[in-house]
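Next comes structure.cif, with mmCIF, C-alpha atoms.
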data_upload
loop_
_atom_site.group_PDB
_atom_site.id
_atom_site.type_symbol
_atom_site.label_atom_id
_atom_site.label_comp_id
_atom_site.auth_asym_id
_atom_site.auth_seq_id
_atom_site.Cartn_x
_atom_site.Cartn_y
_atom_site.Cartn_z
ATOM 1 C CA MET A 3 105.448 88.071 108.101
ATOM 2 C CA ALA A 4 107.662 91.105 108.318
ATOM 3 C CA GLY A 5 105.935 94.402 108.897
ATOM 4 C CA VAL A 6 107.055 95.639 105.483
ATOM 5 C CA LEU A 7 105.066 93.039 103.546
ATOM 6 C CA SER A 8 108.098 90.793 103.008
ATOM 7 C CA THR A 9 109.676 93.460 100.814
ATOM 8 C CA ALA A 10 113.455 93.844 100.950
ATOM 9 C CA LEU A 11 114.678 96.866 102.894
ATOM 10 C CA PRO A 12 116.675 99.619 101.170
ATOM 11 C CA ALA A 13 120.331 98.869 100.505
ATOM 12 C CA GLY A 14 122.703 99.729 103.327
ATOM 13 C CA PRO A 15 124.099 98.290 106.561
ATOM 14 C CA PRO A 16 121.609 96.060 108.392
ATOM 15 C CA PRO A 17 120.240 97.291 111.715
ATOM 16 C CA ALA A 18 121.832 95.891 114.842
ATOM 17 C CA LYS A 19 118.685 93.941 115.549
ATOM 18 C CA ARG A 20 116.268 92.889 112.834
ATOM 19 C CA MET A 21 112.844 94.309 113.568
ATOM 20 C CA ARG A 22 109.911 92.017 112.978
ATOM 21 C CA SER A 23 106.311 92.829 113.743
ATOM 22 C CA LYS A 24 103.143 90.996 112.957
ATOM 23 C CA SER A 25 101.074 92.167 110.028
ATOM 24 C CA CYS A 26 97.383 92.704 110.516
ATOM 25 C CA PRO A 27 95.392 89.672 109.261
ATOM 26 C CA LEU A 28 93.626 92.042 106.835
ATOM 27 C CA TYR A 29 96.855 92.622 104.937
ATOM 28 C CA THR A 30 98.028 89.037 105.169
ATOM 29 C CA ALA A 31 94.738 87.954 103.590
ATOM 30 C CA LEU A 32 95.085 90.666 100.945
ATOM 31 C CA LEU A 33 98.501 89.451 99.823
ATOM 32 C CA GLU A 34 97.358 85.829 99.830
ATOM 33 C CA GLU A 35 94.473 86.829 97.555
ATOM 34 C CA LEU A 36 96.768 88.659 95.144
ATOM 35 C CA GLY A 37 99.261 85.803 95.017
ATOM 36 C CA ALA A 38 103.013 85.582 95.423
ATOM 37 C CA GLU A 39 105.299 87.812 93.400
ATOM 38 C CA ASN A 40 107.071 86.340 90.412
ATOM 39 C CA GLY A 41 110.461 88.015 90.294
ATOM 40 C CA ALA A 42 111.053 86.766 86.756
ATOM 41 C CA ALA A 43 107.815 88.293 85.435
ATOM 42 C CA ASN A 44 108.307 90.189 82.189
ATOM 43 C CA GLN A 45 104.902 91.643 81.376
ATOM 44 C CA THR A 46 103.129 94.618 79.874
ATOM 45 C CA VAL A 47 100.434 94.684 82.587
ATOM 46 C CA TYR A 48 100.935 94.703 86.353
ATOM 47 C CA LEU A 49 98.559 94.863 89.312
ATOM 48 C CA GLY A 50 100.330 96.272 92.344
ATOM 49 C CA THR A 51 99.564 96.983 95.991
ATOM 50 C CA ILE A 52 100.980 99.573 98.366
ATOM 51 C CA SER A 53 99.721 98.747 101.812
ATOM 52 C CA ARG A 54 100.098 100.012 105.333
ATOM 53 C CA VAL A 55 103.359 99.485 107.174
ATOM 54 C CA LEU A 56 102.784 99.022 110.892
ATOM 55 C CA PRO A 57 103.995 101.906 113.115
ATOM 56 C CA ALA A 58 106.715 99.834 114.801
ATOM 57 C CA ALA A 59 108.168 98.862 111.434
ATOM 58 C CA ARG A 60 107.996 102.453 110.153
ATOM 59 C CA ALA A 61 109.903 103.646 113.212
ATOM 60 C CA ALA A 62 112.579 101.007 112.677
ATOM 61 C CA THR A 63 112.988 101.459 108.921
ATOM 62 C CA GLY A 64 112.037 105.050 108.098
ATOM 63 C CA LEU A 65 109.368 103.919 105.655
ATOM 64 C CA ARG A 66 106.565 106.288 104.687
ATOM 65 C CA ASP A 67 103.081 106.304 106.178
ATOM 66 C CA VAL A 68 100.985 105.336 103.178
ATOM 67 C CA GLY A 69 98.023 107.198 104.668
ATOM 68 C CA SER A 70 99.854 110.477 104.000
ATOM 69 C CA VAL A 71 99.867 109.900 100.228
ATOM 70 C CA ASN A 72 96.979 110.540 97.842
ATOM 71 C CA LYS A 73 96.195 108.822 94.551
ATOM 72 C CA ALA A 74 97.543 111.585 92.298
ATOM 73 C CA GLU A 75 100.814 111.751 94.239
ATOM 74 C CA LEU A 76 101.221 107.989 94.074
ATOM 75 C CA SER A 77 100.607 108.062 90.321
ATOM 76 C CA THR A 78 103.410 110.620 89.919
ATOM 77 C CA MET A 79 105.762 108.520 92.045
ATOM 78 C CA LEU A 80 105.056 105.362 90.083
ATOM 79 C CA ARG A 81 105.580 107.059 86.722
ATOM 80 C CA ASP A 82 108.847 108.544 87.957
ATOM 81 C CA CYS A 83 110.081 105.137 89.141
ATOM 82 C CA VAL A 84 109.245 103.505 85.823
ATOM 83 C CA ASP A 85 110.654 106.269 83.615
ATOM 84 C CA ASP A 86 113.751 106.942 85.732
ATOM 85 C CA PRO A 87 114.642 103.881 87.827
ATOM 86 C CA VAL A 88 117.706 103.709 90.049
ATOM 87 C CA SER A 89 120.841 102.125 88.636
ATOM 88 C CA THR A 90 121.711 98.635 89.802
ATOM 89 C CA GLY A 91 124.978 96.749 89.419
ATOM 90 C CA GLY A 92 126.595 99.568 87.475
ATOM 91 C CA ALA A 93 124.003 99.283 84.684
ATOM 92 C CA PRO A 94 122.050 102.378 83.619
ATOM 93 C CA GLY A 95 118.588 102.702 85.073
ATOM 94 C CA ARG A 96 117.035 102.717 81.610
ATOM 95 C CA PRO A 97 118.260 101.307 78.290
ATOM 96 C CA ARG A 98 120.420 103.808 76.433
ATOM 97 C CA GLY A 99 118.581 105.665 73.707
ATOM 98 C CA GLU A 100 115.110 104.779 74.948
ATOM 99 C CA ALA A 101 112.952 107.908 74.946
ATOM 100 C CA GLY A 102 109.376 108.793 75.808
ATOM 101 C CA PRO A 103 107.042 107.391 78.449
ATOM 102 C CA ARG A 104 107.056 103.688 79.215
ATOM 103 C CA ILE A 105 103.542 103.684 80.693
ATOM 104 C CA ASP A 106 100.462 103.866 78.476
ATOM 105 C CA LEU A 107 97.806 103.648 81.213
ATOM 106 C CA LEU A 108 97.929 103.908 85.001
ATOM 107 C CA VAL A 109 94.952 103.475 87.348
ATOM 108 C CA VAL A 110 95.300 104.106 91.091
ATOM 109 C CA VAL A 111 92.604 103.347 93.680
ATOM 110 C CA GLN A 112 92.440 103.744 97.446
ATOM 111 C CA GLU A 113 90.624 101.278 99.659
ATOM 112 C CA PHE A 114 89.686 101.463 103.332
ATOM 113 C CA HIS A 115 89.546 98.696 105.885
ATOM 114 C CA SER A 116 87.104 98.521 108.778
ATOM 115 C CA ASP A 117 89.823 99.744 111.158
ATOM 116 C CA GLY A 118 90.176 102.954 109.131
ATOM 117 C CA SER A 119 93.555 102.090 107.633
ATOM 118 C CA VAL A 120 94.099 102.397 103.901
ATOM 119 C CA HIS A 121 95.974 100.717 101.114
ATOM 120 C CA PHE A 122 96.338 101.433 97.416
ATOM 121 C CA HIS A 123 96.124 99.285 94.315
ATOM 122 C CA PHE A 124 97.473 100.299 90.943
ATOM 123 C CA VAL A 125 97.054 98.845 87.460
ATOM 124 C CA MET A 126 99.873 99.657 85.065
ATOM 125 C CA LYS A 127 99.788 99.020 81.316
ATOM 126 C CA LEU A 128 103.162 99.417 79.608
ATOM 127 C CA PHE A 129 104.048 99.887 75.962
ATOM 128 C CA LYS A 130 106.312 96.835 76.030
ATOM 129 C CA ASN A 131 107.379 94.078 78.393
ATOM 130 C CA MET A 132 109.307 95.097 81.478
ATOM 131 C CA ARG A 133 110.477 93.440 84.700
ATOM 132 C CA PHE A 134 109.244 95.164 87.836
ATOM 133 C CA LYS A 135 112.123 94.556 90.267
ATOM 134 C CA GLN A 136 114.037 97.745 89.421
ATOM 135 C CA VAL A 137 110.861 99.837 89.701
ATOM 136 C CA LYS A 138 110.053 98.227 93.046
ATOM 137 C CA LEU A 139 113.555 99.008 94.307
ATOM 138 C CA THR A 140 113.262 102.628 93.140
ATOM 139 C CA LEU A 141 109.907 103.062 94.854
ATOM 140 C CA MET A 142 111.465 101.792 98.071
ATOM 141 C CA GLN A 143 114.694 103.796 97.929
ATOM 142 C CA ARG A 144 113.376 107.060 96.510
ATOM 143 C CA TYR A 145 109.932 107.251 98.138
ATOM 144 C CA LYS A 146 110.196 104.810 101.075
ATOM 145 C CA LEU A 147 107.174 102.827 99.896
ATOM 146 C CA PRO A 148 107.243 99.000 99.886
ATOM 147 C CA SER A 149 105.114 97.418 97.184
ATOM 148 C CA HIS A 150 103.740 94.058 96.130
ATOM 149 C CA TRP A 151 103.488 93.198 92.434
ATOM 150 C CA SER A 152 100.825 90.625 91.641
ATOM 151 C CA THR A 153 100.960 87.771 89.170
ATOM 152 C CA HIS A 154 97.985 89.268 87.284
ATOM 153 C CA SER A 155 99.047 89.828 83.692
ATOM 154 C CA ARG A 156 95.787 90.725 81.910
ATOM 155 C CA LEU A 157 94.399 94.248 81.788
ATOM 156 C CA ASP A 158 90.737 93.227 81.970
ATOM 157 C CA THR A 159 91.141 91.074 85.096
ATOM 158 C CA ALA A 160 93.406 93.611 86.817
ATOM 159 C CA ILE A 161 91.009 96.523 86.299
ATOM 160 C CA ARG A 162 88.072 94.316 87.220
ATOM 161 C CA TYR A 163 89.792 93.544 90.534
ATOM 162 C CA VAL A 164 90.179 97.216 91.469
ATOM 163 C CA HIS A 165 87.022 98.666 89.884
ATOM 164 C CA VAL A 166 84.148 96.173 89.865
ATOM 165 C CA ARG A 167 82.151 95.305 92.948
ATOM 166 C CA CYS A 168 81.454 91.667 93.745
ATOM 167 C CA ALA A 169 80.251 89.564 96.686
ATOM 168 C CA LYS A 170 83.780 89.247 98.027
ATOM 169 C CA LYS A 171 84.552 92.931 97.487
ATOM 170 C CA PRO A 172 81.301 94.937 97.716
ATOM 171 C CA VAL A 173 82.988 98.354 98.089
ATOM 172 C CA VAL A 174 85.427 99.823 95.569
ATOM 173 C CA ASP A 175 86.890 103.280 95.024
ATOM 174 C CA ALA A 176 84.181 105.376 93.349
ATOM 175 C CA GLU A 177 86.746 107.811 91.929
ATOM 176 C CA PRO A 178 89.798 105.982 90.557
ATOM 177 C CA PHE A 179 92.701 108.175 89.488
ATOM 178 C CA VAL A 180 93.380 107.499 85.806
ATOM 179 C CA TRP A 181 96.435 108.680 83.871
ATOM 180 C CA THR A 182 97.144 108.067 80.189
ATOM 181 C CA HIS A 183 100.323 109.044 78.357
ATOM 182 C CA ASP A 184 98.413 111.034 75.730
ATOM 183 C CA GLY A 185 95.679 112.479 77.952
ATOM 184 C CA ARG A 186 92.917 110.389 76.415
ATOM 185 C CA GLU A 187 89.890 109.398 78.456
ATOM 186 C CA VAL A 188 89.231 105.706 78.981
ATOM 187 C CA ASP A 189 86.116 103.757 79.904
ATOM 188 C CA LEU A 190 87.237 101.535 82.792
ATOM 189 C CA ILE A 191 84.144 99.334 82.633
ATOM 190 C CA GLU A 192 84.826 98.762 78.946
ATOM 191 C CA LEU A 193 88.379 97.743 79.809
ATOM 192 C CA THR A 194 87.110 95.094 82.251
ATOM 193 C CA ARG A 195 85.491 93.143 79.394
ATOM 194 C CA GLU A 196 87.478 90.134 78.255
ATOM 195 C CA PRO A 197 88.209 90.199 74.507
ATOM 196 C CA PHE A 198 86.669 87.293 72.621
ATOM 197 C CA MET A 199 89.034 84.397 72.019
ATOM 198 C CA ALA A 200 87.558 81.327 70.375
ATOM 199 C CA ARG A 201 89.618 78.780 72.289
ATOM 200 C CA ALA A 202 88.915 80.397 75.673
ATOM 201 C CA TRP A 203 85.189 80.591 74.890
ATOM 202 C CA ARG A 204 85.132 76.914 73.905
ATOM 203 C CA LYS A 205 87.024 75.925 77.062
ATOM 204 C CA ARG A 206 84.522 77.778 79.247
ATOM 205 C CA ARG A 207 81.658 76.028 77.476
ATOM 206 C CA GLU A 208 83.290 72.643 78.043
ATOM 207 C CA ALA A 209 83.901 73.469 81.710
ATOM 208 C CA ALA A 210 80.265 74.528 82.137
ATOM 209 C CA GLU A 211 79.064 71.201 80.696
ATOM 210 C CA MET A 212 81.387 69.209 82.975
ATOM 211 C CA ASN A 213 80.348 71.190 86.054
ATOM 212 C CA ALA A 214 76.689 70.688 85.200
ATOM 213 C CA ALA A 215 77.253 66.924 84.951
ATOM 214 C CA VAL A 216 79.005 66.828 88.338
ATOM 215 C CA GLU A 217 76.229 68.851 89.978
ATOM 216 C CA ASP A 218 73.526 66.849 88.158
ATOM 217 C CA LYS A 219 72.164 70.026 86.609
ATOM 218 C CA LYS A 220 71.195 71.033 83.106
ATOM 219 C CA ALA A 221 74.030 72.689 81.181
ATOM 220 C CA PRO A 222 73.500 76.206 79.754
ATOM 221 C CA ALA A 223 71.820 76.218 76.356
ATOM 222 C CA PHE A 224 74.250 75.725 73.463
ATOM 223 C CA ASN A 225 74.091 78.884 71.329
ATOM 224 C CA LYS A 226 75.437 80.171 68.035
ATOM 225 C CA LEU A 227 78.478 81.850 69.610
ATOM 226 C CA ASP A 228 79.397 78.533 71.263
ATOM 227 C CA PHE A 229 79.157 76.987 67.814
ATOM 228 C CA MET A 230 81.260 79.686 66.119
ATOM 229 C CA ALA A 231 83.904 79.376 68.846
ATOM 230 C CA LEU A 232 84.069 75.648 68.124
ATOM 231 C CA ILE A 233 84.387 76.298 64.379
ATOM 232 C CA LEU A 234 87.175 78.859 64.817
ATOM 233 C CA SER A 235 89.163 77.114 67.529
ATOM 234 C CA LYS A 236 89.138 73.777 65.691
ATOM 235 C CA HIS A 237 89.530 75.287 62.171
ATOM 236 C CA LEU A 238 86.401 73.606 60.813
ATOM 237 C CA ARG A 239 86.233 75.473 57.497
ATOM 238 C CA THR A 240 83.893 73.260 55.426
ATOM 239 C CA LYS A 241 80.469 71.775 56.110
ATOM 240 C CA ALA A 242 81.673 68.194 55.601
ATOM 241 C CA PHE A 243 84.677 68.672 57.896
ATOM 242 C CA LEU A 244 82.458 70.342 60.506
ATOM 243 C CA LEU A 245 79.861 67.544 60.453
ATOM 244 C CA SER A 246 82.563 64.886 60.597
ATOM 245 C CA TYR A 247 84.174 66.526 63.622
ATOM 246 C CA ILE A 248 80.848 67.050 65.409
ATOM 247 C CA GLN A 249 79.869 63.392 64.898
ATOM 248 C CA ASP A 250 83.181 62.073 66.247
ATOM 249 C CA HIS A 251 84.132 64.624 68.896
ATOM 250 C CA GLY A 252 81.275 67.033 69.537
ATOM 251 C CA SER A 253 79.368 67.117 72.801
ATOM 252 C CA GLN A 254 75.748 66.044 72.797
ATOM 253 C CA ALA A 255 74.707 69.689 72.920
ATOM 254 C CA ALA A 256 76.893 70.493 69.892
ATOM 255 C CA GLN A 257 75.525 67.503 67.985
ATOM 256 C CA LEU A 258 71.934 68.519 68.701
ATOM 257 C CA PHE A 259 72.668 72.105 67.627
ATOM 258 C CA ALA A 260 74.343 70.992 64.381
ATOM 259 C CA SER A 261 71.504 68.614 63.579
ATOM 260 C CA LYS A 262 68.856 71.244 64.219
ATOM 261 C CA HIS A 263 70.628 73.860 62.048
ATOM 262 C CA GLN A 264 72.155 71.519 59.459
ATOM 263 C CA ARG A 265 70.842 73.449 56.450
ATOM 264 C CA ARG A 266 72.441 76.658 57.765
ATOM 265 C CA LEU A 267 75.883 75.298 58.621
ATOM 266 C CA VAL A 268 77.598 76.872 55.595
ATOM 267 C CA GLU A 269 76.104 80.209 56.651
ATOM 268 C CA TYR A 270 77.379 79.700 60.210
ATOM 269 C CA ILE A 271 80.870 78.885 58.936
ATOM 270 C CA GLU A 272 80.838 82.117 56.898
ATOM 271 C CA ASP A 273 79.550 84.044 59.925
ATOM 272 C CA ALA A 274 82.351 82.626 62.069
ATOM 273 C CA GLN A 275 84.960 83.702 59.527
ATOM 274 C CA GLU A 276 83.438 87.178 59.313
ATOM 275 C CA TRP A 277 83.505 87.357 63.126
ATOM 276 C CA ALA A 278 87.179 86.358 63.182
ATOM 277 C CA ASP A 279 88.152 88.834 60.436
ATOM 278 C CA ALA A 280 86.224 91.818 61.850
ATOM 279 C CA LYS A 281 89.203 93.516 63.571
ATOM 280 C CA ALA A 282 91.432 93.250 60.519
ATOM 281 C CA THR A 283 88.609 94.456 58.270
ATOM 282 C CA ALA A 284 87.843 97.423 60.543
ATOM 283 C CA GLY A 285 91.529 98.294 60.703
#

Take the structure in this file and express it as structure tokens.
Amino acid sequence: MAGVLSTALPAGPPPAKRMRSKSCPLYTALLEELGAENGAANQTVYLGTISRVLPAARAATGLRDVGSVNKAELSTMLRDCVDDPVSTGGAPGRPRGEAGPRIDLLVVVQEFHSDGSVHFHFVMKLFKNMRFKQVKLTLMQRYKLPSHWSTHSRLDTAIRYVHVRCAKKPVVDAEPFVWTHDGREVDLIELTREPFMARAWRKRREAAEMNAAVEDKKAPAFNKLDFMALILSKHLRTKAFLLSYIQDHGSQAAQLFASKHQRRLVEYIEDAQEWADAKATAG
């Protein structure tokens, strides 16, 4: 892998001899974990990485030592690149007439490796979909920082990656740098919680039952939220329709739950609808 994380060098005449240097296995593993870039991505959320460039590559390319940058400075650079990208192909850097900030939320963290070297992650939430390639080019040309833009496209999973400790990543930045376009404070832990979606909840329940069968273990207890997710995702709006579906297509756990609570099924259908309508009602 090239010493600049397989990121294209700034535009200009190529060097007489292309410089290649091995990347530390730490960084190779990091990029493999984050996944390959999707140049056609057009998202509102991005998880990015700015990692160390090896000294030999820096000397050959003039790229910046990432260890000389702090989180606040990197946040400023990223916002500048998004709000005022370089022009490419004769096109303006930003659509004509577009005003105001493009970024709603930006979180920057710094992480250390055992060898003392550092890299940064950033989570960027935009107001509307945007492709990252022009921003990446601007960051390279204007600030001499190569970057990797992950395939993550959900805010909760991206912030969870940079902010929540786990067995694979027991140490995280205790003081993330957070910027919001309107100065509001945000609860990062709150933002790591996945919003409820009936279909996704039902799919996880089904996966848990299949995994339990493969491992010859008892599946997790079937609960009311599992039942409401089934009702909402399959549009089971009446008691008769619900019972008919459960008898023909429900899992054994769903059938046992429906049988046990048969006299309360109309109530559960109403509860599911209230659950689904809560955001609109609150709004």

Q | Neighbour list for Gln275 of chain A as a list of chain:residue names, cut-off 12 Å, all atoms listed in the file, skip fewer than 3 positions in-chain | A | A:Ala200, A:Met230, A:Ala231, A:Leu232, A:Ile233, A:Leu234, A:Ser235, A:His237, A:Leu238, A:Arg239, A:Thr240, A:Val268, A:Glu269, A:Tyr270, A:Ile271, A:Glu272, A:Ala278, A:Asp279, A:Ala280, A:Lys281, A:Ala282, A:Thr283

| task | Starting from the shown file, work through the PyMOL selection byres ((chain A and resi 167-181) around 7) and note down what comes out as a ChimeraX atom specification. | result | /A:73-74,107-113,164-166,182-183

message: Please enumerate the residues selected by the PyMOL selection byres ((chain A and resi 154) around 9) when evaluated against the supplied file, formatted as a PyMOL selection string.
response: chain A and resi 36-37+47-50+151-153+155-157+159-160

Output the residue selection produced by the PyMOL selection byres ((chain A and resi 251-265) around 10) on the file above, formatted as a ChimeraX atom specification.
/A:208,211,221-226,228-229,232,241,244-250,266-270

From the options A:His150, A:Arg186, A:Ser53, A:Leu139, which residue's atoms come nearest to Ser70 of chain A, counting all atoms listed in the file?
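Closest candidate: A:Ser53.
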
Between atom CA of Glu192 of chain A and atom CA of Arg206 of chain A, measure the distance and give it in Å to one decimal.
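Between atom CA of Glu192 of chain A and atom CA of Arg206 of chain A the gap is 21.0 Å.
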